[in-house]
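S.K.: Got a structure for you, questions after.
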Amino acid sequence: MWVESQRLAGVLVLNSPSSANLPLVSVTVVCYNHSRYLQRCVNSLRAQDYTNIEIIFIDNASTDGSQSMLASMPNVRLIANKKNIGFSAAQNLGIESAAGEWILCLNPDTRLEPSFISELVRAGMLDHRVGIVCPKIRRMREDGTTADPPLLDSTGVYFTPLLRHHDRGSQQPDIGQFDTPQYVFGYTGAAVLFRRTMIADVSIEGEFMDVDFFFFREDADVSWRAQLMGWRCVYTPFAVGYHVRTVFENNRASVSALINMHSTKNRFIMRIKNITPRVYWKVLLPTTIRDLGIFAYVLCRERSSISGLLWIVKNWRKTWRKRRWVQARVKVSSSEIEFWFNRHPMAKPLEAEYLAKLCHVKRICQAS
C-alpha cells in the first residue's frame, strides 16, 4: 500500500495508503451486454494498490442485466444510456462526467494486475509532454485463463504504408521482447491512460473521440491527432493487464456486418482528418492499390459496407471541417510524423534521464 508521495533524486515515488497526495484517476468503462465480464473487471479495479480512483461505467442500453448488476455495486457510478450511442460518444460522456486529472479508459473484458494504475501514473507524471500512457496487454481467454507463456495482445499501435494500424507483438508469446519502456505511435482501446490536459487540447470543438466513428478505429484516430499536436505516447511494460479479444485482423467473415461497415467507413474518415501531404506522398502507391482492392471487395463481396462509403460522400463537408481544425494545429515536423509510417513496427527510445527515472522507480518499489 502507498504511504506518501516523495521525491528521490528527482524521481517521483508513490508508496502509501493515503490518497491525499495522489492525483485522482477516473476509470471510465463503456459496456454493452458485457455482464459476464463486469464482476471480474470491477474486482481487479478494487484490488489496485493505487487508492485515489473513481469508477464510472457507461452502459449503452444493455439487455443482459448489466445495468442492474452495476447499479448494485458499491462505489461504482453508473451512467445508463437509454439507447446505444456508440463507444466513442459513451466514452466522451464518461470523460465529461469524470473529475480526475488522469482518465483510464478501459474495456469491461479486461483484468488488471494490482500495480496497473500506479505504474501508468508514474510513467505519465515523469514527463509533462506525455499525454497517453499505454500498458503491456496480454491475451486472456473468456474464463480468465492465459496461455503459458502468455500471448501478447498489444504493446502499443503502429501504422504501415498501407495506412493499416496494428498492435505491436499481437499473438506473440510474451518472453520479454517488449520489456523496455519506449515511445510508440499510439494505443489500443482496451486499456489506456490519458492526461486530462491532453484530452482538452486535442478535442475538436469539445469532442475528444470522434462520435462519427461510433466504434472501431477511434483509438488510432486519437493517437494520430495527438501525435500531430505534439503529445507523446509512452509504453510502459511495468503496467500489465489482460484482455479478451473478440475481433481479429484479417477475419472479417467472423464479425458482424455492422462492425465491418464502420471499419470501412472509419478507415477513410481517419485518413481525411489526419494525413499530412508528406505522409500521403510516402504511402500514395501502396495505399491506392489497397483502396482499389477495398472498393472491389465491398462492391462484389461485402455490399453491406457500401453504406459506409456512401456516408463519407454525404458527410464530406463535416469531415473536411474537422480536417481543417486538425491541420491548423499541427505542431510537429513532417519528418517526425513520417517516421511512424513504416513496414515494421516503429518505436523511439526514451531519453536517458526519463528511462533511468522510470526504471529507478520500479527498482525502488520492488525493493520495498
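Here's how to read the names in the C-alpha cells: chain A, B, ... by the order shown, residue numbers from 1 in each chain, ligand numbers from 1 in the order shown.
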Would you kindly return, as a VMD selection string, each protein, DNA or RNA residue with an atom no farther than 9 Å from any atom of segment 160-170 of chain A, considering only C-alpha atoms and excluding same-chain residues fewer than 4 positions away?

M.R.: chain A and resid 138 to 139 151 to 156 174 177 to 178 187 to 188 217 220 249 267 271 279 282 to 291 340 to 345

S.K.: Please extract the residues of segment 31-261 of chain A with a backbone DSSP assignment of helix (DSSP H, G or I) and present them as a ChimeraX atom specification.

M.R.: /A:35-46,66-71,87-97,116-125,196-202,211-213,218-228,252-254,257-261

S.K.: What's the 9 Å shell around Val326 of chain A, counting only C-alpha atoms, without same-chain residues fewer than 5 positions away, as JSON, numbers by chain?

M.R.: {"A": [202, 204, 225, 228, 229, 273, 274, 321]}

S.K.: Now that the selection is made, can you save its residues with N, CA and C atoms as a compact mmCIF listing (two decimals), in the first residue's frame?

M.R.:
# COMPACT_ATOMS: atom_id res chain seq x y z
N VAL A 202 -6.63 18.27 -27.64
CA VAL A 202 -6.85 17.64 -28.94
C VAL A 202 -8.32 17.46 -29.28
N ILE A 204 -11.80 18.21 -30.71
CA ILE A 204 -12.27 19.04 -31.82
C ILE A 204 -13.62 19.63 -31.46
N ARG A 225 -4.01 12.08 -34.11
CA ARG A 225 -4.24 13.51 -33.83
C ARG A 225 -3.32 14.01 -32.72
N LEU A 228 0.20 14.52 -34.05
CA LEU A 228 0.28 15.74 -34.85
C LEU A 228 0.40 16.98 -33.98
N MET A 229 -0.24 16.95 -32.83
CA MET A 229 -0.28 18.12 -31.97
C MET A 229 0.79 18.11 -30.90
N LYS A 273 -9.03 13.26 -42.06
CA LYS A 273 -8.80 14.22 -40.99
C LYS A 273 -7.31 14.45 -40.71
N ASN A 274 -6.52 13.38 -40.73
CA ASN A 274 -5.20 13.44 -40.12
C ASN A 274 -4.01 13.43 -41.07
N ARG A 321 -14.19 19.75 -42.49
CA ARG A 321 -14.11 20.80 -41.47
C ARG A 321 -13.26 20.33 -40.30

S.K.: Under the rule of at most 6 Å, produce a per-residue listing of segment 141-223 of chain A near segment 122-136 of chain A: chain, number, name, the closest pair of atoms, and the distance in Å, as a tab-separated table, using only C-alpha atoms.

M.R.:
residue	atom	partner	partner_atom	distance
A:Thr155	CA	A:Lys136	CA	4.9
A:Tyr187	CA	A:Cys134	CA	5.8
A:Val192	CA	A:Cys134	CA	5.0
A:Leu193	CA	A:Val133	CA	5.1
A:Phe194	CA	A:Ile132	CA	4.8
A:Arg195	CA	A:Gly131	CA	5.0
A:Met198	CA	A:Gly131	CA	5.3

S.K.: Write out, as a CSV table (one decimal), in the first residue's frame, the residues just selected, with C-alpha atoms.

M.R.:
chain,number,residue,atom,x,y,z
A,155,THR,CA,2.2,-3.2,-26.6
A,187,TYR,CA,-2.6,2.8,-28.0
A,192,VAL,CA,-5.1,3.4,-21.9
A,193,LEU,CA,-4.4,6.3,-19.6
A,194,PHE,CA,-5.0,9.9,-20.8
A,195,ARG,CA,-3.7,13.2,-19.3
A,198,MET,CA,-4.1,16.4,-23.5

S.K.: Could you check which of A:Ile95, A:Leu22, A:Ala147, A:Ala191 is closest to Cys41 of chain A, using only C-alpha atoms?

M.R.: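 Checking each of A:Ile95, A:Leu22, A:Ala147, A:Ala191 against Cys41 of chain A, counting only C-alpha atoms, the winner is A:Ala191.
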